[in-house]
Every structure is written in structure tokens, then in C-alpha cells.
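Enquirer: Have a peek at coords_35.tsv (TSV, C-alpha atoms).
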chain	number	residue	atom	x	y	z
V	29	MET	CA	-3.54	3.94	-29.54
V	30	ASN	CA	-4.73	7.47	-29.03
V	31	PRO	CA	-1.85	10.03	-28.92
V	32	GLU	CA	-4.15	12.59	-27.26
V	33	LEU	CA	-3.84	10.68	-23.96
V	34	GLN	CA	-0.47	12.34	-23.44
V	35	GLY	CA	-0.88	15.37	-21.22
V	36	ARG	CA	-4.49	14.60	-20.29
V	37	ALA	CA	-5.39	15.45	-16.67
V	38	PHE	CA	-6.61	12.50	-14.61
V	39	ALA	CA	-8.51	12.80	-11.33
V	40	PRO	CA	-6.73	11.47	-8.21
V	41	THR	CA	-7.95	8.01	-7.15
V	42	ALA	CA	-10.09	7.58	-4.02
V	43	PRO	CA	-7.90	7.09	-0.90
V	44	TYR	CA	-6.49	3.54	-0.58
V	45	LEU	CA	-6.10	2.44	3.05
V	46	VAL	CA	-3.02	0.22	3.37
V	47	GLY	CA	-4.10	-2.67	5.59
V	48	ARG	CA	-1.65	-4.45	7.86
V	49	GLU	CA	-2.83	-7.91	6.79
V	50	LYS	CA	-2.64	-6.84	3.13
V	51	VAL	CA	1.00	-5.88	3.65
V	52	ARG	CA	1.64	-9.27	5.29
V	53	GLU	CA	-0.15	-11.09	2.47
V	54	PHE	CA	1.84	-9.19	-0.18
V	55	SER	CA	5.07	-9.78	1.75
V	56	ARG	CA	4.45	-13.54	1.80
V	57	ALA	CA	3.73	-13.47	-1.95
V	58	VAL	CA	7.13	-11.90	-2.76
V	59	PHE	CA	9.02	-13.93	-0.12
V	60	ALA	CA	9.67	-10.80	1.95
V	61	SER	CA	10.59	-12.36	5.28
V	62	ASN	CA	12.24	-9.34	6.88
V	63	PRO	CA	10.66	-8.74	10.34
V	64	ILE	CA	10.06	-5.06	9.45
V	65	ASN	CA	7.68	-6.27	6.70
V	66	ASN	CA	5.76	-8.54	9.05
V	67	ASP	CA	6.15	-7.77	12.73
V	68	VAL	CA	4.75	-4.56	14.23
V	69	ASP	CA	7.18	-4.51	17.16
V	70	ALA	CA	10.17	-4.95	14.84
V	71	ALA	CA	8.88	-2.17	12.58
V	72	ARG	CA	8.34	0.21	15.52
V	73	ALA	CA	11.78	-0.62	16.93
V	74	ALA	CA	13.19	0.45	13.54
V	75	GLY	CA	11.36	3.77	13.79
V	76	TYR	CA	8.27	3.10	11.64
V	77	ALA	CA	4.67	3.65	12.69
V	78	ASP	CA	3.68	0.15	11.52
V	79	ILE	CA	4.92	-2.66	9.25
V	80	VAL	CA	6.62	-1.52	6.04
V	81	ALA	CA	5.38	-2.67	2.64
V	82	PRO	CA	7.88	-4.30	0.22
V	83	PRO	CA	9.31	-1.90	-2.41
V	84	THR	CA	7.05	-3.23	-5.19
V	85	PHE	CA	3.80	-2.93	-3.18
V	86	ALA	CA	3.15	0.47	-4.78
V	87	ILE	CA	2.08	-1.39	-7.95
V	88	VAL	CA	-1.18	-2.28	-6.18
V	89	ILE	CA	-2.01	1.43	-5.93
V	90	GLN	CA	-0.57	2.31	-9.33
V	91	GLN	CA	-2.81	-0.35	-10.88
V	92	LEU	CA	-5.85	1.74	-9.92
V	93	THR	CA	-4.56	4.48	-12.22
V	94	LEU	CA	-3.74	2.06	-15.04
V	95	ASP	CA	-7.34	0.86	-14.79
V	96	GLN	CA	-8.40	4.52	-15.21
V	97	LEU	CA	-6.24	4.76	-18.33
V	98	VAL	CA	-7.70	1.65	-19.94
V	99	ALA	CA	-11.22	2.79	-19.03
V	100	GLN	CA	-10.89	6.04	-21.02
V	101	PRO	CA	-13.53	5.68	-23.73
V	102	ASP	CA	-11.00	6.83	-26.35
V	103	SER	CA	-7.95	4.91	-25.06
V	104	GLY	CA	-8.05	2.53	-28.02
V	105	PHE	CA	-6.74	-0.50	-26.12
V	106	ALA	CA	-7.64	-3.05	-23.43
V	107	MET	CA	-5.57	-4.35	-20.52
V	108	THR	CA	-4.98	-7.57	-22.48
V	109	ASP	CA	-3.25	-5.57	-25.25
V	110	LEU	CA	-0.56	-4.39	-22.80
V	111	VAL	CA	2.86	-5.89	-22.14
V	112	HIS	CA	4.89	-4.56	-19.23
V	113	GLY	CA	8.18	-3.20	-20.54
V	114	GLU	CA	9.77	-1.35	-17.63
V	115	GLN	CA	8.93	-0.42	-14.06
V	116	ARG	CA	10.36	2.03	-11.58
V	117	PHE	CA	9.55	3.11	-8.02
V	118	SER	CA	11.10	6.26	-6.55
V	119	TYR	CA	10.37	6.68	-2.85
V	120	THR	CA	10.38	9.77	-0.65
V	121	ARG	CA	9.43	7.51	2.26
V	122	PRO	CA	8.35	3.88	2.52
V	123	ILE	CA	4.67	2.83	2.54
V	124	VAL	CA	3.56	1.62	5.97
V	125	ALA	CA	0.35	-0.05	7.14
V	126	GLY	CA	-2.24	2.58	8.04
V	127	ASP	CA	-1.29	4.95	5.22
V	128	GLU	CA	-4.13	6.37	3.17
V	129	LEU	CA	-2.79	7.01	-0.29
V	130	THR	CA	-4.11	8.67	-3.41
V	131	ALA	CA	-2.63	8.22	-6.85
V	132	THR	CA	-2.59	10.62	-9.78
V	133	LEU	CA	-1.78	9.46	-13.29
V	134	ALA	CA	0.10	11.32	-15.98
V	135	VAL	CA	0.85	9.90	-19.42
V	136	THR	CA	4.27	11.45	-19.98
V	137	SER	CA	5.21	9.87	-23.28
V	138	ILE	CA	3.73	7.92	-26.19
V	139	LYS	CA	6.16	6.59	-28.80
V	140	SER	CA	5.67	4.41	-31.82
V	141	LEU	CA	8.02	1.51	-32.22
V	142	GLY	CA	7.69	-0.82	-35.18
V	143	GLY	CA	3.90	-0.62	-35.19
V	144	ASN	CA	3.67	-0.99	-31.41
V	145	ALA	CA	3.18	1.98	-29.11
V	146	MET	CA	5.19	2.55	-25.93
V	147	VAL	CA	3.31	4.44	-23.26
V	148	THR	CA	4.95	5.87	-20.15
V	149	ALA	CA	2.45	6.02	-17.28
V	150	GLU	CA	3.76	7.98	-14.32
V	151	THR	CA	1.73	7.70	-11.14
V	152	THR	CA	2.37	10.06	-8.25
V	153	ILE	CA	1.29	8.59	-4.91
V	154	SER	CA	0.75	10.88	-1.92
V	155	ASP	CA	-0.57	10.58	1.61
V	156	LEU	CA	-3.62	12.34	3.03
V	157	ALA	CA	-1.48	15.32	4.06
V	158	GLY	CA	-0.59	15.72	0.39
V	159	GLU	CA	3.03	14.69	1.00
V	160	HIS	CA	4.75	12.70	-1.73
V	161	VAL	CA	5.35	9.03	-0.88
V	162	VAL	CA	6.39	7.33	-4.12
V	163	THR	CA	6.30	7.81	-7.86
V	164	ALA	CA	5.60	4.63	-9.81
V	165	SER	CA	6.45	4.70	-13.52
V	166	SER	CA	5.52	2.00	-16.01
V	167	VAL	CA	6.50	1.67	-19.62
V	168	LEU	CA	3.70	-0.28	-21.27
V	169	VAL	CA	3.92	-1.71	-24.75
V	170	VAL	CA	0.60	-1.63	-26.58
V	171	ARG	CA	0.63	-4.33	-29.22
V	172	ALA	CA	0.27	-3.28	-32.84
V	173	ASP	CA	-3.12	-4.92	-33.38
V	174	ALA	CA	-4.71	-2.82	-30.59
H	6	MET	CA	31.81	-1.91	0.92
H	7	ASN	CA	33.50	-1.52	-2.44
H	8	ILE	CA	32.29	-1.20	-6.00
H	9	GLY	CA	32.04	-4.66	-7.53
H	10	ASP	CA	31.41	-6.45	-4.21
H	11	VAL	CA	28.72	-9.12	-4.38
H	12	VAL	CA	26.59	-8.30	-1.32
H	13	ALA	CA	23.87	-10.91	-1.74
H	14	GLU	CA	22.99	-13.94	-3.79
H	15	LYS	CA	19.81	-15.98	-3.59
H	16	THR	CA	17.73	-18.47	-5.56
H	17	PHE	CA	13.93	-18.72	-5.56
H	18	GLU	CA	11.81	-21.65	-6.72
H	19	ILE	CA	8.73	-20.33	-8.55
H	20	THR	CA	5.84	-22.77	-8.83
H	21	ARG	CA	2.25	-22.36	-10.03
H	22	ASP	CA	1.33	-21.99	-6.35
H	23	THR	CA	3.68	-19.00	-6.16
H	24	LEU	CA	1.83	-17.40	-9.09
H	25	VAL	CA	-1.62	-17.98	-7.60
H	26	ARG	CA	-0.49	-16.52	-4.28
H	27	TYR	CA	0.94	-13.45	-6.03
H	28	ALA	CA	-2.22	-13.02	-8.12
H	29	GLY	CA	-4.33	-12.92	-4.96
H	30	ALA	CA	-1.99	-10.61	-3.06
H	31	SER	CA	-1.50	-8.16	-5.92
H	32	GLY	CA	-4.93	-8.30	-7.54
H	33	ASP	CA	-3.37	-9.14	-10.94
H	34	PHE	CA	-5.64	-11.94	-12.16
H	35	ASN	CA	-4.51	-11.96	-15.79
H	36	ALA	CA	-5.17	-15.59	-16.75
H	37	ILE	CA	-1.87	-15.96	-18.65
H	38	HIS	CA	-0.34	-16.38	-15.20
H	39	TYR	CA	-2.31	-19.54	-14.34
H	40	ARG	CA	-4.15	-20.96	-17.40
H	41	ASP	CA	-2.16	-22.96	-19.95
H	42	ASP	CA	-4.95	-22.85	-22.53
H	43	ILE	CA	-5.25	-19.05	-22.41
H	44	ALA	CA	-1.48	-18.57	-22.47
H	45	THR	CA	-1.33	-20.74	-25.60
H	46	GLU	CA	-4.31	-18.98	-27.18
H	47	VAL	CA	-2.56	-15.58	-27.01
H	48	GLY	CA	0.58	-17.02	-28.55
H	49	LEU	CA	2.75	-17.52	-25.47
H	50	PRO	CA	4.95	-20.59	-25.02
H	51	GLY	CA	3.21	-21.29	-21.68
H	52	VAL	CA	2.15	-19.83	-18.35
H	53	LEU	CA	4.37	-16.91	-17.32
H	54	ALA	CA	5.29	-15.47	-13.95
H	55	HIS	CA	3.99	-11.94	-13.37
H	56	GLY	CA	6.80	-9.51	-14.21
H	57	MET	CA	6.02	-7.73	-10.97
H	58	LEU	CA	6.50	-11.00	-9.05
H	59	THR	CA	9.97	-11.39	-10.56
H	60	MET	CA	10.73	-7.75	-9.71
H	61	GLY	CA	9.44	-8.25	-6.17
H	62	LEU	CA	11.51	-11.38	-5.56
H	63	ALA	CA	14.65	-9.80	-6.99
H	64	ALA	CA	14.51	-7.01	-4.38
H	65	GLN	CA	14.51	-9.37	-1.43
H	66	PRO	CA	18.22	-10.28	-1.27
H	67	VAL	CA	18.98	-6.54	-1.22
H	68	VAL	CA	16.47	-5.95	1.60
H	69	ASP	CA	17.91	-8.86	3.59
H	70	TRP	CA	21.43	-7.51	3.13
H	71	ILE	CA	20.59	-3.92	4.10
H	72	GLY	CA	18.27	-5.19	6.88
H	73	ASP	CA	15.43	-2.70	6.36
H	74	PRO	CA	12.92	-2.58	3.47
H	75	GLY	CA	12.46	1.15	4.14
H	76	LYS	CA	16.03	1.83	2.98
H	77	VAL	CA	15.20	1.05	-0.65
H	78	LEU	CA	14.90	4.54	-2.16
H	79	ASP	CA	14.56	3.70	-5.83
H	80	TYR	CA	14.13	0.45	-7.74
H	81	THR	CA	13.98	0.04	-11.51
H	82	VAL	CA	13.91	-2.90	-13.95
H	83	ARG	CA	13.28	-3.74	-17.58
H	84	PHE	CA	11.35	-6.90	-18.37
H	85	THR	CA	13.48	-8.48	-21.07
H	86	ARG	CA	12.51	-12.16	-21.07
H	87	PRO	CA	9.42	-13.93	-19.71
H	88	VAL	CA	9.78	-16.52	-16.93
H	89	LEU	CA	7.98	-19.72	-17.91
H	90	VAL	CA	6.54	-21.66	-14.99
H	91	PRO	CA	5.69	-25.34	-15.64
H	92	ALA	CA	2.46	-26.93	-14.35
H	93	THR	CA	4.53	-29.27	-12.20
H	94	GLY	CA	7.98	-28.57	-10.84
H	95	HIS	CA	9.36	-25.04	-10.77
H	96	ALA	CA	11.41	-22.33	-12.43
H	97	THR	CA	14.56	-21.39	-10.54
H	98	LEU	CA	15.26	-17.67	-10.35
H	99	THR	CA	18.79	-16.65	-9.38
H	100	VAL	CA	19.55	-13.16	-8.11
H	101	VAL	CA	23.07	-11.76	-7.70
H	102	ALA	CA	23.37	-8.30	-6.13
H	103	LYS	CA	26.54	-6.32	-6.71
H	104	VAL	CA	27.59	-2.82	-5.66
H	105	GLY	CA	27.58	-0.65	-8.80
H	106	ALA	CA	28.22	2.79	-7.31
H	107	ILE	CA	28.41	4.56	-3.94
H	108	ASP	CA	27.61	8.24	-3.66
H	109	ASP	CA	26.73	10.40	-0.67
H	110	GLY	CA	25.19	7.73	1.55
H	111	VAL	CA	23.41	5.94	-1.30
H	112	ALA	CA	24.61	2.72	-2.90
H	113	ARG	CA	23.44	1.59	-6.32
H	114	ILE	CA	23.04	-2.16	-6.27
H	115	ASP	CA	23.05	-3.83	-9.68
H	116	LEU	CA	21.03	-7.02	-9.91
H	117	THR	CA	21.68	-9.90	-12.26
H	118	VAL	CA	18.50	-11.96	-12.45
H	119	THR	CA	18.56	-15.21	-14.41
H	120	VAL	CA	16.58	-18.37	-15.11
H	121	ASP	CA	18.56	-21.26	-16.62
H	122	GLU	CA	21.47	-18.85	-17.11
H	123	SER	CA	19.38	-16.48	-19.27
H	124	THR	CA	18.90	-12.93	-18.01
H	125	VAL	CA	15.22	-12.10	-17.44
H	126	LEU	CA	15.49	-8.53	-16.10
H	127	GLY	CA	17.57	-5.83	-17.78
H	128	LYS	CA	19.11	-2.82	-16.08
H	129	ALA	CA	17.80	-3.95	-12.69
H	130	GLN	CA	19.04	-1.45	-10.12
H	131	ALA	CA	18.12	-0.63	-6.54
H	132	ARG	CA	19.32	2.51	-4.78
H	133	VAL	CA	19.59	2.00	-1.04
H	134	ALA	CA	20.50	4.21	1.90
H	135	VAL	CA	23.74	2.97	3.46
Transcribe the structure of this file into C-alpha cells.

Expert:
Amino acid sequence: MNPELQGRAFAPTAPYLVGREKVREFSRAVFASNPINNDVDAARAAGYADIVAPPTFAIVIQQLTLDQLVAQPDSGFAMTDLVHGEQRFSYTRPIVAGDELTATLAVTSIKSLGGNAMVTAETTISDLAGEHVVTASSVLVVRADA
Amino acid sequence: MNIGDVVAEKTFEITRDTLVRYAGASGDFNAIHYRDDIATEVGLPGVLAHGMLTMGLAAQPVVDWIGDPGKVLDYTVRFTRPVLVPATGHATLTVVAKVGAIDDGVARIDLTVTVDESTVLGKAQARVAV
């Protein structure tokens, strides 16, 4: 585990276009049966431009930044060395189908814990206008043998 | 609505099919979530549900209660115990959602998430606009 990852600047990911059928597919996978997750008319009646993604959908976009982290030549670990310890999503507004979102990673903390390392990966997700949508934070445990 | 009120309670049956569906939808194809041999090889007691699947399911009773997924402002969990999913049959996930705090139009909903009466998520909290 390379402590120099903390504070490194990462490039924003290429825009991710949130597809309506992807939102429906993800909704089915997490048993999100609310009409606002699935039905365009219901979503518009509730004041949204299109169907609303479930609260944990942002992980799909955050994952792109975690892939960036693992791909750093000096990261010192692989995805298979990671165990998910904690997760948080803090929304300014919900993700809706049609959004184009970019994600920017910051490694905000690296701590050692009994030979393991705990990495906090904070991903800021914004729309094309540059407005904040959601911050997704993961605490990842990198196993000692990595 | 008062602090301590149970606002929602729901059980989910998680099968291997559930895991495959989540893998496809999320793009998380880590084989420990569908291959017994690989799960065993890396020292796990068996195939595990994706933590993010458990987190996703646990939010749903709150969304159904509040009636709008866009009202979830903040959602946080700790993954404290893996959810084992057998090759046949299912794991039963139970979610109980209780009002923990109310402040300025935002309610903190505390979630108790268990499998076989063991807690699998720690400090699971959703903040929702009310």
C-alpha cells in the first residue's frame, strides 16, 4: 500500500450518460419498485425530468474512479485485495436518467490497522454544468498481504 | 412522526439469482459473488452477497415509506458481517427502519439489518427530507 496516493490529483472520468433502461435494470436488481424509479410519467408528476436512480446507483459511477485508483502503477494492490468497509452517499440532488456525470477521485485518508491499510476514497460526482450531484465515499480495507 | 417510531419493516429473500442480477446491473463481476470454488479458494465460508446489494436493498423500505427515492439526501453504512447465500434456497434479510432524529425538515432513519438475527450492517443511517 503506497501512502503517497493520499493527496494525489486524479483526472475527472469521461462523462457517464445515465440511461433510462440502466436505471430500470439497476432498480430491479435492488428491488426498487417505487414508480418514480421505473415510470417516466410518475417521475415527471413528482417533478423530475426522468426516472430517478436508487440511492446506491452512484456506486456504478464511483467504481470508475476506484478502477483508476487500482490502475495506478504504484498503487501496490489489486481489486481482489480490497474489502469494502464502509460506504456513504451524500446527495445535492438525485441522479435521473439523461444525466451526464463525471467523477473525480480524492484519496482523503490512508491508515494502518493491524497490518491492513484502510483507504478512504472520496468521489465527487458532478453534472455537465459542473454542479455537484453526489459525493460517494468508500472506506476500503487493503489486506495485509497486498 | 416521533423519535423511536418504526416507520417500515421488510424482509428480502436473496438467492443466487439475485446476486447474478445485481452483478449484471452494477457491473461488479467479482467471482466471490457467484462461484463457490473461488469463494473457498480465497478463504471465505461460501458465496457472499455484494455489500452494495445489501445496502441497496436496505434503503428500499425507507423509499417506500417516504414515497420518493429523490428524498434520500444521505445514506451511510458499515459492512460488519458478510451475507452468505446458499447455492439453493435463500438468505433472508430483515430490515427495520426507525426514526432516530428529526431536525429542520430532515429525519434520520436508523436501519437494523439482520440475517438469522445477526446484524450485517453497522451504523446504517438514511437522512430523508420530510

Enquirer: Using all atoms listed in the file, determine which residues lie at most 9 Å from region 118-124 of chain H, disregarding the query and same-chain residues fewer than 2 positions distant; provide the list as a ChimeraX atom specification.

Expert: /H:59,63,85-86,88,96-102,116,126-127,129

Enquirer: Please produce a file of those selected residues containing C-alpha atoms, as a tab-separated table (two decimals), keeping the file's coordinate frame.

Expert:
chain	number	residue	atom	x	y	z
H	59	THR	CA	9.97	-11.39	-10.56
H	63	ALA	CA	14.65	-9.80	-6.99
H	85	THR	CA	13.48	-8.48	-21.07
H	86	ARG	CA	12.51	-12.16	-21.07
H	88	VAL	CA	9.78	-16.52	-16.93
H	96	ALA	CA	11.41	-22.33	-12.43
H	97	THR	CA	14.56	-21.39	-10.54
H	98	LEU	CA	15.26	-17.67	-10.35
H	99	THR	CA	18.79	-16.65	-9.38
H	100	VAL	CA	19.55	-13.16	-8.11
H	101	VAL	CA	23.07	-11.76	-7.70
H	102	ALA	CA	23.37	-8.30	-6.13
H	116	LEU	CA	21.03	-7.02	-9.91
H	126	LEU	CA	15.49	-8.53	-16.10
H	127	GLY	CA	17.57	-5.83	-17.78
H	129	ALA	CA	17.80	-3.95	-12.69

Enquirer: Would you mind listing what lies within 10 Å of Ala157 (chain V) as a list in words, with all atoms listed in the file counted and same-chain residues fewer than 2 positions away left out?

Expert: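 These residues fall inside the cut-off: Glu128, Leu129, Ser154, Asp155, Glu159 and His160 of chain V.
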
Enquirer: Contacts between chain H and chain V, please, where a residue of chain V counts if it comes within 9 Å (with all atoms listed in the file); show its shortest atom pair and distance in Å to one decimal, rows by chain and ascending number, as CSV.

Expert:
residue,atom,partner,partner_atom,distance
V:Lys50,CA,H:Ala30,CA,7.3
V:Val51,CA,H:Ala30,CA,8.7
V:Glu53,CA,H:Ala30,CA,5.8
V:Phe54,CA,H:Ala30,CA,5.0
V:Ser55,CA,H:Ala30,CA,8.6
V:Arg56,CA,H:Arg26,CA,8.4
V:Ala57,CA,H:Tyr27,CA,4.9
V:Val58,CA,H:Leu62,CA,5.2
V:Phe59,CA,H:Leu62,CA,6.5
V:Ala60,CA,H:Gln65,CA,6.1
V:Ser61,CA,H:Asp69,CA,8.3
V:Asn62,CA,H:Asp69,CA,6.6
V:Pro63,CA,H:Asp73,CA,8.7
V:Ile64,CA,H:Asp73,CA,6.6
V:Asn65,CA,H:Pro74,CA,7.2
V:Ala74,CA,H:Asp73,CA,8.2
V:Tyr76,CA,H:Gly75,CA,8.8
V:Val80,CA,H:Gly75,CA,6.7
V:Ala81,CA,H:Pro74,CA,7.6
V:Pro82,CA,H:Pro74,CA,6.2
V:Pro83,CA,H:Val77,CA,6.8
V:Thr84,CA,H:Gly61,CA,5.6
V:Phe85,CA,H:Ser31,CA,7.9
V:Ile87,CA,H:Ser31,CA,7.9
V:Val88,CA,H:Ser31,CA,5.9
V:Gln91,CA,H:Asp33,CA,8.8
V:Thr108,CA,H:Asn35,CA,8.0
V:His112,CA,H:Phe84,CA,6.9
V:Gly113,CA,H:Phe84,CA,5.3
V:Glu114,CA,H:Arg83,CA,4.2
V:Gln115,CA,H:Val82,CA,5.6
V:Arg116,CA,H:Thr81,CA,4.1
V:Phe117,CA,H:Tyr80,CA,5.3
V:Ser118,CA,H:Asp79,CA,4.4
V:Tyr119,CA,H:Leu78,CA,5.1
V:Thr120,CA,H:Leu78,CA,7.1
V:Arg121,CA,H:Gly75,CA,7.3
V:Pro122,CA,H:Gly75,CA,5.2
V:Ile123,CA,H:Gly75,CA,8.1
V:Val167,CA,H:Arg83,CA,8.9

Enquirer: What's the 9 Å shell around Met6 (chain H), counting all atoms listed in the file, without same-chain residues fewer than 5 positions away, as a list in words?

Expert: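 Listing them by chain and then by number gives Val12, Val104 and Ile107 of chain H.
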
Enquirer: So that all listed atoms of region 73-87 of chain V fit with 6 Å spare on each side, what axis-aligned box centre and edge lengths in Å, to one decimal, would you give as lines of an AutoDock Vina configuration file?

Expert:
center_x = 7.6
center_y = -0.3
center_z = 4.5
size_x = 23.1
size_y = 20.1
size_z = 36.9

Enquirer: Determine, counting only C-alpha atoms, which protein, DNA and RNA residues have an atom within 10 Å of an atom of Met29 (chain V); residues of the same chain fewer than 2 positions away are not included. Present the result as a list of chain:residue names.

Expert: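 Once the nearby chain positions are removed, what remains is V:Pro31, V:Glu32, V:Leu33, V:Asp102, V:Ser103, V:Gly104, V:Phe105, V:Ile138, V:Ser140, V:Asn144, V:Ala145, V:Met146, V:Val147, V:Val170, V:Arg171, V:Ala172, V:Asp173, V:Ala174.
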
Enquirer: Which value, in Å to one decimal, gives the distance between CA of Ala134 (chain V) and CA of Glu150 (chain V)?

Expert: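 CA of Ala134 (chain V) sits 5.2 Å away from CA of Glu150 (chain V).
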
Enquirer: Hey, can you check how far CA of Asn66 (chain V) sits from CA of Asp78 (chain V)?

Expert: 9.3 Å

Enquirer: Interatomic distance between CA of Asp42 (chain H) and CA of Ile89 (chain V)?

Expert: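 Atom-to-atom, CA of Asp42 (chain H) and CA of Ile89 (chain V) are spaced 29.6 Å apart.
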